[in-house]
>>> print(open('structure-v7.txt').read())   # compact mmCIF, C-alpha atoms
# COMPACT_ATOMS: atom_id res chain seq x y z
CA MET A 1 105.83 113.99 25.18
CA VAL A 2 104.37 114.97 28.57
CA VAL A 3 100.94 113.84 27.47
CA SER A 4 102.41 110.51 26.32
CA ALA A 5 104.14 110.00 29.68
CA ILE A 6 100.90 110.70 31.52
CA HIS A 7 99.09 108.30 29.17
CA GLU A 8 101.60 105.53 29.87
CA ALA A 9 101.46 106.14 33.61
CA SER A 10 97.68 105.91 33.62
CA LEU A 11 97.75 102.75 31.52
CA SER A 12 100.03 101.01 33.99
CA GLU A 13 97.49 101.69 36.72
CA LEU A 14 94.56 100.19 34.83
CA ALA A 15 93.27 96.68 35.46
CA ASP A 16 93.73 94.07 32.75
CA GLU A 17 90.07 94.15 31.78
CA ALA A 18 90.04 97.95 31.40
CA LEU A 19 93.11 97.74 29.18
CA ALA A 20 91.55 94.91 27.18
CA ALA A 21 88.47 97.02 26.54
CA ARG A 22 90.72 99.67 24.93
CA ALA A 23 93.21 97.31 23.29
CA GLY A 24 91.24 97.01 20.05
CA ARG A 25 91.60 100.72 19.28
CA ASP A 26 94.56 101.76 21.43
CA PHE A 27 97.78 99.90 20.72
CA GLU A 28 99.43 101.36 23.83
CA ALA A 29 96.83 99.54 25.91
CA PHE A 30 97.64 96.30 24.12
CA ALA A 31 101.36 96.96 24.62
CA GLU A 32 100.78 97.26 28.35
CA LEU A 33 99.00 93.90 28.36
CA TYR A 34 101.83 92.45 26.30
CA ASN A 35 104.35 93.60 28.89
CA ARG A 36 102.27 92.12 31.69
CA TYR A 37 101.70 88.73 30.08
CA LEU A 38 104.67 87.93 27.87
CA CYS A 39 106.69 86.06 30.51
CA ARG A 40 103.63 84.34 31.94
CA ILE A 41 102.43 83.11 28.57
CA TYR A 42 105.93 82.08 27.59
CA ARG A 43 106.36 80.04 30.78
CA PHE A 44 103.09 78.23 30.23
CA VAL A 45 103.82 77.56 26.56
CA ARG A 46 107.40 76.52 27.35
CA SER A 47 106.09 73.95 29.80
CA GLN A 48 104.05 72.45 26.93
CA ALA A 49 106.62 72.71 24.14
CA PRO A 50 109.70 70.59 23.56
CA ASP A 51 112.16 73.41 22.88
CA ASP A 52 112.72 77.14 23.13
CA SER A 53 112.15 77.97 19.47
CA THR A 54 108.78 76.20 19.42
CA ALA A 55 107.82 78.03 22.61
CA GLU A 56 108.77 81.34 20.99
CA ASP A 57 106.70 80.56 17.89
CA LEU A 58 103.67 79.58 19.94
CA THR A 59 104.05 82.63 22.18
CA ALA A 60 104.20 84.87 19.12
CA GLN A 61 101.10 83.21 17.64
CA THR A 62 99.27 83.70 20.92
CA PHE A 63 99.92 87.45 21.00
CA PHE A 64 99.12 87.94 17.33
CA LYS A 65 95.79 86.19 17.90
CA ALA A 66 95.21 88.30 21.00
CA LEU A 67 95.90 91.45 18.98
CA SER A 68 93.77 90.48 16.00
CA ASN A 69 90.89 89.47 18.28
CA ALA A 70 91.29 92.30 20.77
CA ARG A 71 87.85 93.68 19.98
CA SER A 72 86.20 90.34 20.61
CA PHE A 73 87.07 90.39 24.32
CA ARG A 74 83.66 90.71 25.94
CA GLY A 75 84.72 91.35 29.50
CA ASN A 76 82.49 88.64 30.92
CA GLY A 77 85.56 86.84 32.29
CA SER A 78 89.07 87.79 33.26
CA TYR A 79 91.57 88.83 30.62
CA LYS A 80 93.99 86.34 32.14
CA SER A 81 91.62 83.46 31.42
CA TRP A 82 90.95 84.82 27.94
CA ILE A 83 94.58 85.06 26.87
CA PHE A 84 95.54 81.78 28.50
CA LYS A 85 92.71 80.14 26.60
CA ILE A 86 94.21 81.51 23.38
CA ALA A 87 97.62 80.19 24.41
CA ARG A 88 96.19 76.80 25.32
CA ASN A 89 94.30 76.53 22.02
CA THR A 90 97.42 77.53 20.13
CA VAL A 91 99.35 74.73 21.84
CA VAL A 92 96.55 72.22 21.20
CA THR A 93 96.44 73.12 17.50
CA TRP A 94 100.21 72.83 17.22
CA ARG A 95 100.14 69.50 19.07
CA ALA A 96 97.42 68.13 16.80
CA ARG A 97 99.39 69.07 13.69
CA ARG A 98 102.37 67.09 14.80
CA ALA A 99 100.53 64.38 16.69
CA LYS A 100 102.26 61.62 14.81
CA ALA A 101 105.71 63.08 15.22
CA PRO A 102 107.62 61.88 18.29
CA LEU A 103 107.96 64.46 21.06
CA VAL A 104 111.61 65.24 21.62
CA VAL A 105 112.15 66.85 24.99
CA GLU A 106 115.21 69.02 25.24
CA GLU A 107 116.79 70.41 28.35
CA MET A 108 115.23 73.60 29.61
CA PRO A 109 117.70 76.48 29.61
CA GLU A 110 119.13 78.04 32.69
CA PRO A 111 117.21 81.19 33.62
CA VAL A 112 118.60 84.44 32.32
CA ASP A 113 116.37 86.62 34.47
CA PRO A 114 118.75 89.05 36.17
CA ALA A 115 116.81 88.85 39.41
CA PRO A 116 115.29 85.40 39.91
CA THR A 117 113.49 84.68 43.14
CA PRO A 118 115.64 83.10 45.84
CA ALA A 119 113.80 79.80 45.56
CA ALA A 120 114.18 79.79 41.78
CA ALA A 121 117.87 80.49 42.20
CA VAL A 122 118.17 77.42 44.40
CA LEU A 123 116.30 75.36 41.83
CA THR A 124 118.60 76.02 38.92
CA GLY A 125 120.42 72.80 39.67
CA GLU A 126 119.61 69.16 39.38
CA GLU A 127 116.27 69.29 41.21
CA GLY A 128 114.85 72.02 39.02
CA ARG A 129 115.92 70.30 35.83
CA LEU A 130 114.48 67.02 37.07
CA ILE A 131 111.11 68.60 37.87
CA ARG A 132 110.91 70.23 34.45
CA HIS A 133 111.92 66.99 32.78
CA LEU A 134 109.28 65.06 34.70
CA VAL A 135 106.61 67.64 33.92
CA SER A 136 107.46 67.50 30.22
CA GLY A 137 106.99 63.74 30.37
CA LEU A 138 103.44 63.93 31.74
CA PRO A 139 100.50 63.33 29.39
CA PRO A 140 99.54 66.63 27.67
CA ALA A 141 96.26 67.03 29.56
CA GLN A 142 97.96 66.63 32.94
CA ARG A 143 100.83 68.86 31.88
CA GLU A 144 98.64 71.78 30.86
CA VAL A 145 96.47 71.57 33.97
CA LEU A 146 99.49 71.34 36.24
CA SER A 147 101.19 74.29 34.55
CA LEU A 148 98.13 76.52 34.65
CA ARG A 149 97.52 75.66 38.29
CA TYR A 150 101.09 76.07 39.49
CA LEU A 151 102.41 78.81 37.24
CA GLU A 152 99.41 81.09 37.43
CA ASP A 153 97.76 79.93 40.62
CA LEU A 154 94.50 79.75 38.70
CA SER A 155 91.42 78.40 40.40
CA THR A 156 89.90 75.08 39.38
CA GLU A 157 87.06 77.03 37.75
CA GLU A 158 89.46 79.14 35.72
CA VAL A 159 91.49 76.12 34.58
CA ALA A 160 88.23 74.39 33.65
CA SER A 161 87.15 77.41 31.64
CA ILE A 162 90.48 77.66 29.82
CA THR A 163 90.74 73.97 28.98
CA GLY A 164 87.06 73.34 28.33
CA ARG A 165 86.91 70.55 30.90
CA SER A 166 84.72 70.06 33.94
CA ARG A 167 85.95 71.03 37.39
CA GLY A 168 85.89 67.36 38.39
CA ALA A 169 88.08 66.45 35.46
CA ILE A 170 90.54 69.19 36.38
CA ARG A 171 90.77 67.92 39.95
CA ILE A 172 91.38 64.37 38.73
CA LEU A 173 94.03 65.45 36.22
CA LEU A 174 95.76 67.57 38.85
CA HIS A 175 95.67 64.74 41.37
CA ARG A 176 97.14 62.30 38.86
CA ALA A 177 99.84 64.74 37.80
CA ARG A 178 100.88 65.43 41.38
CA ALA A 179 100.83 61.74 42.28
CA SER A 180 102.95 60.95 39.25
CA LEU A 181 105.47 63.67 40.10
CA ARG A 182 105.63 62.64 43.76
CA SER A 183 106.17 59.03 42.76
CA GLU A 184 108.91 59.88 40.26
CA LEU A 185 110.63 62.21 42.69
CA GLY A 186 110.33 59.64 45.48
CA GLU A 187 112.01 57.04 43.33
CA ARG A 188 114.88 59.46 42.86
CA GLY A 189 115.08 60.30 46.55
CA PHE A 190 113.82 63.89 46.26
CA ALA A 191 110.36 63.83 47.79
CA MET B 1 100.99 75.91 49.58
CA THR B 2 102.98 72.85 50.54
CA GLY B 3 106.70 72.47 50.07
CA PHE B 4 106.04 70.16 47.14
CA ASP B 5 103.76 72.72 45.50
CA ARG B 6 106.34 75.47 45.97
CA PHE B 7 109.05 73.20 44.60
CA VAL B 8 107.09 72.51 41.41
CA THR B 9 106.03 76.14 41.02
CA GLU B 10 109.54 77.54 41.34
CA SER B 11 110.89 74.90 38.95
CA LEU B 12 108.38 75.84 36.26
CA GLN B 13 108.87 79.56 36.83
CA ALA B 14 112.58 79.23 36.22
CA ALA B 15 111.85 79.13 32.48
CA VAL B 16 112.06 82.67 31.11
CA PRO B 17 112.23 84.00 27.56
CA ARG B 18 115.70 84.47 26.15
CA ALA B 19 117.11 87.96 26.31
CA GLY B 20 115.87 89.98 23.37
CA PHE B 21 112.79 87.90 22.61
CA GLU B 22 110.41 90.35 24.29
CA ALA B 23 111.77 93.26 22.23
CA GLU B 24 111.80 91.27 18.97
CA LEU B 25 108.23 90.07 19.30
CA GLY B 26 107.14 93.49 20.57
CA ALA B 27 108.54 95.12 17.44
CA LEU B 28 106.77 92.58 15.18
CA ILE B 29 103.47 93.14 16.95
CA ALA B 30 103.85 96.92 16.80
CA ASP B 31 104.56 96.65 13.08
CA ALA B 32 101.52 94.44 12.54
CA SER B 33 99.33 96.86 14.47
CA ARG B 34 100.14 99.52 11.87
CA ARG B 35 98.62 97.35 9.14
CA PRO B 36 94.90 97.38 9.85
CA PHE B 37 94.17 95.17 6.86
CA LEU B 38 96.11 92.35 8.53
CA ILE B 39 94.84 93.02 12.01
CA ASP B 40 91.20 93.22 10.99
CA ARG B 41 91.42 89.88 9.24
CA ASP B 42 90.09 87.84 12.15
CA GLN B 43 87.74 90.37 13.63
CA SER B 44 84.04 90.67 13.13
CA SER B 45 84.72 93.77 11.08
CA PRO B 46 82.24 94.27 8.22
CA ARG B 47 85.18 94.69 5.84
CA TRP B 48 85.44 91.03 4.87
CA PRO B 49 81.75 90.33 4.37
CA TRP B 50 81.48 93.45 2.19
CA ILE B 51 84.45 92.35 0.11
CA VAL B 52 82.81 88.95 -0.41
CA VAL B 53 79.47 90.55 -1.29
CA GLY B 54 81.21 92.97 -3.64
CA VAL B 55 83.17 90.27 -5.47
CA ALA B 56 80.09 88.05 -5.71
CA GLY B 57 78.05 90.98 -7.01
CA VAL B 58 80.58 91.84 -9.72
CA ALA B 59 80.84 88.19 -10.75
CA SER B 60 77.07 87.86 -10.86
CA ALA B 61 76.64 91.02 -12.94
CA SER B 62 79.40 89.93 -15.33
CA GLY B 63 77.81 86.52 -15.72
CA ALA B 64 74.38 88.01 -16.38
CA ALA B 65 75.78 90.41 -18.97
CA LEU B 66 77.68 87.64 -20.73
CA TRP B 67 74.60 85.41 -20.72
CA SER B 68 72.53 88.26 -22.13
CA VAL B 69 75.04 88.91 -24.95
CA ARG B 70 75.19 85.22 -25.87
CA ARG B 71 71.41 84.96 -25.85
CA ARG B 72 71.19 87.88 -28.26
CA GLN B 73 73.89 86.32 -30.43
CA ARG B 74 72.04 82.98 -30.49
CA HIS B 75 68.84 84.80 -31.30
CA LYS B 76 70.56 86.46 -34.24
CA GLY B 77 72.15 83.16 -35.28
CA VAL B 78 75.69 84.39 -34.60
CA ALA B 79 76.55 81.63 -32.14
>>> encode(input="structure-v7.txt", output="structure tokens")
Amino acid sequence: MVVSAIHEASLSELADEALAARAGRDFEAFAELYNRYLCRIYRFVRSQAPDDSTAEDLTAQTFFKALSNARSFRGNGSYKSWIFKIARNTVVTWRARRAKAPLVVEEMPEPVDPAPTPAAAVLTGEEGRLIRHLVSGLPPAQREVLSLRYLEDLSTEEVASITGRSRGAIRILLHRARASLRSELGERGFA
Amino acid sequence: MTGFDRFVTESLQAAVPRAGFEAELGALIADASRRPFLIDRDQSSPRWPWIVVGVAGVASASGAALWSVRRRQRHKGVA
């Protein structure tokens, strides 16, 4: 019991990459990564999916892939980029499978986080819903770049690595997404 | 970060998993981790190649034996 507590304490102090190096043979290390990334992956996937249940399925697929491929993490990049690449590919595969089906965008739920940030608390109203609705209406390429950039504060290089696009393409997609959002918000008197 | 950037970021971050999802998925993953056969499926573990080689070897040996028996039977005029 004491040894286990010490083990858990030391795991929480390790960097993502150190945990990833152990995750293939030490499930506790993977569990620590799971705790660190579940919400972040869910938020990204939710911004790409039309409803909560799809986002849950895609999040689950992402972590099962991360677990089954834990030993393939080479450590020549960040774990964050690696797992977001898995999440992104999972979304792309899902999107391709239902490419011909119309995308039905449902309302995002109100947050149930017991301690949201003050700004997030302010944005639970009309403005927040409008932003999420507008983001969900962007073309998929713009939507994923915007979400990775804003949700995770990833660099252009990291977003390029995750999406398999050039840095120039990322900048263009981000510019177009922001311009589109600004325009839509301006028309509604928010910007 | 501009006000617009912060506005978009906070809007997107307002989406959180439903209560209970983290525990449910965590339990499923923990259960899967106790089944190495499932977990190793996508890894570069030698298990799968050896299974393929083993099955192919057995099939090949069976085929060779059957061919040998039939050849002897034909030679004897049985078949």
>>> residues_around(input="structure-v7.txt", residues="A:Gln48", least_positions_apart="5", cutoff="7 Å", atoms="all atoms listed in the file", output="list in words")
Ser136, Arg143 and Glu144 of chain A
>>> residues_near_point(input="structure-v7.txt", point="(104.1, 83.3, 31.6)", cutoff="10 Å", atoms="only C-alpha atoms", output="list in words")
Arg36, Tyr37, Leu38, Cys39, Arg40, Ile41, Tyr42, Arg43, Phe44, Val45, Arg46, Ser47, Thr59, Phe84, Ser147, Leu148, Leu151 and Glu152 of chain A; Leu12, Gln13, Ala15, Val16 and Pro17 of chain B
>>> residues_near_point(input="structure-v7.txt", point="(94.3, 98.8, 23.9)", cutoff="12 Å", atoms="all atoms listed in the file", output="ChimeraX atom specification")
/A:7-8,11-12,14-34,66-71,73 /B:33
>>> atom_distance(input="structure-v7.txt", atom1="atom CA of A:Gly168", atom2="atom CA of A:Pro140")
17.4 Å
>>> closest_residue(input="structure-v7.txt", among="A:His133, A:Thr62, A:Ser10, A:Ser72", to="A:Pro50", atoms="all atoms listed in the file")
A:His133
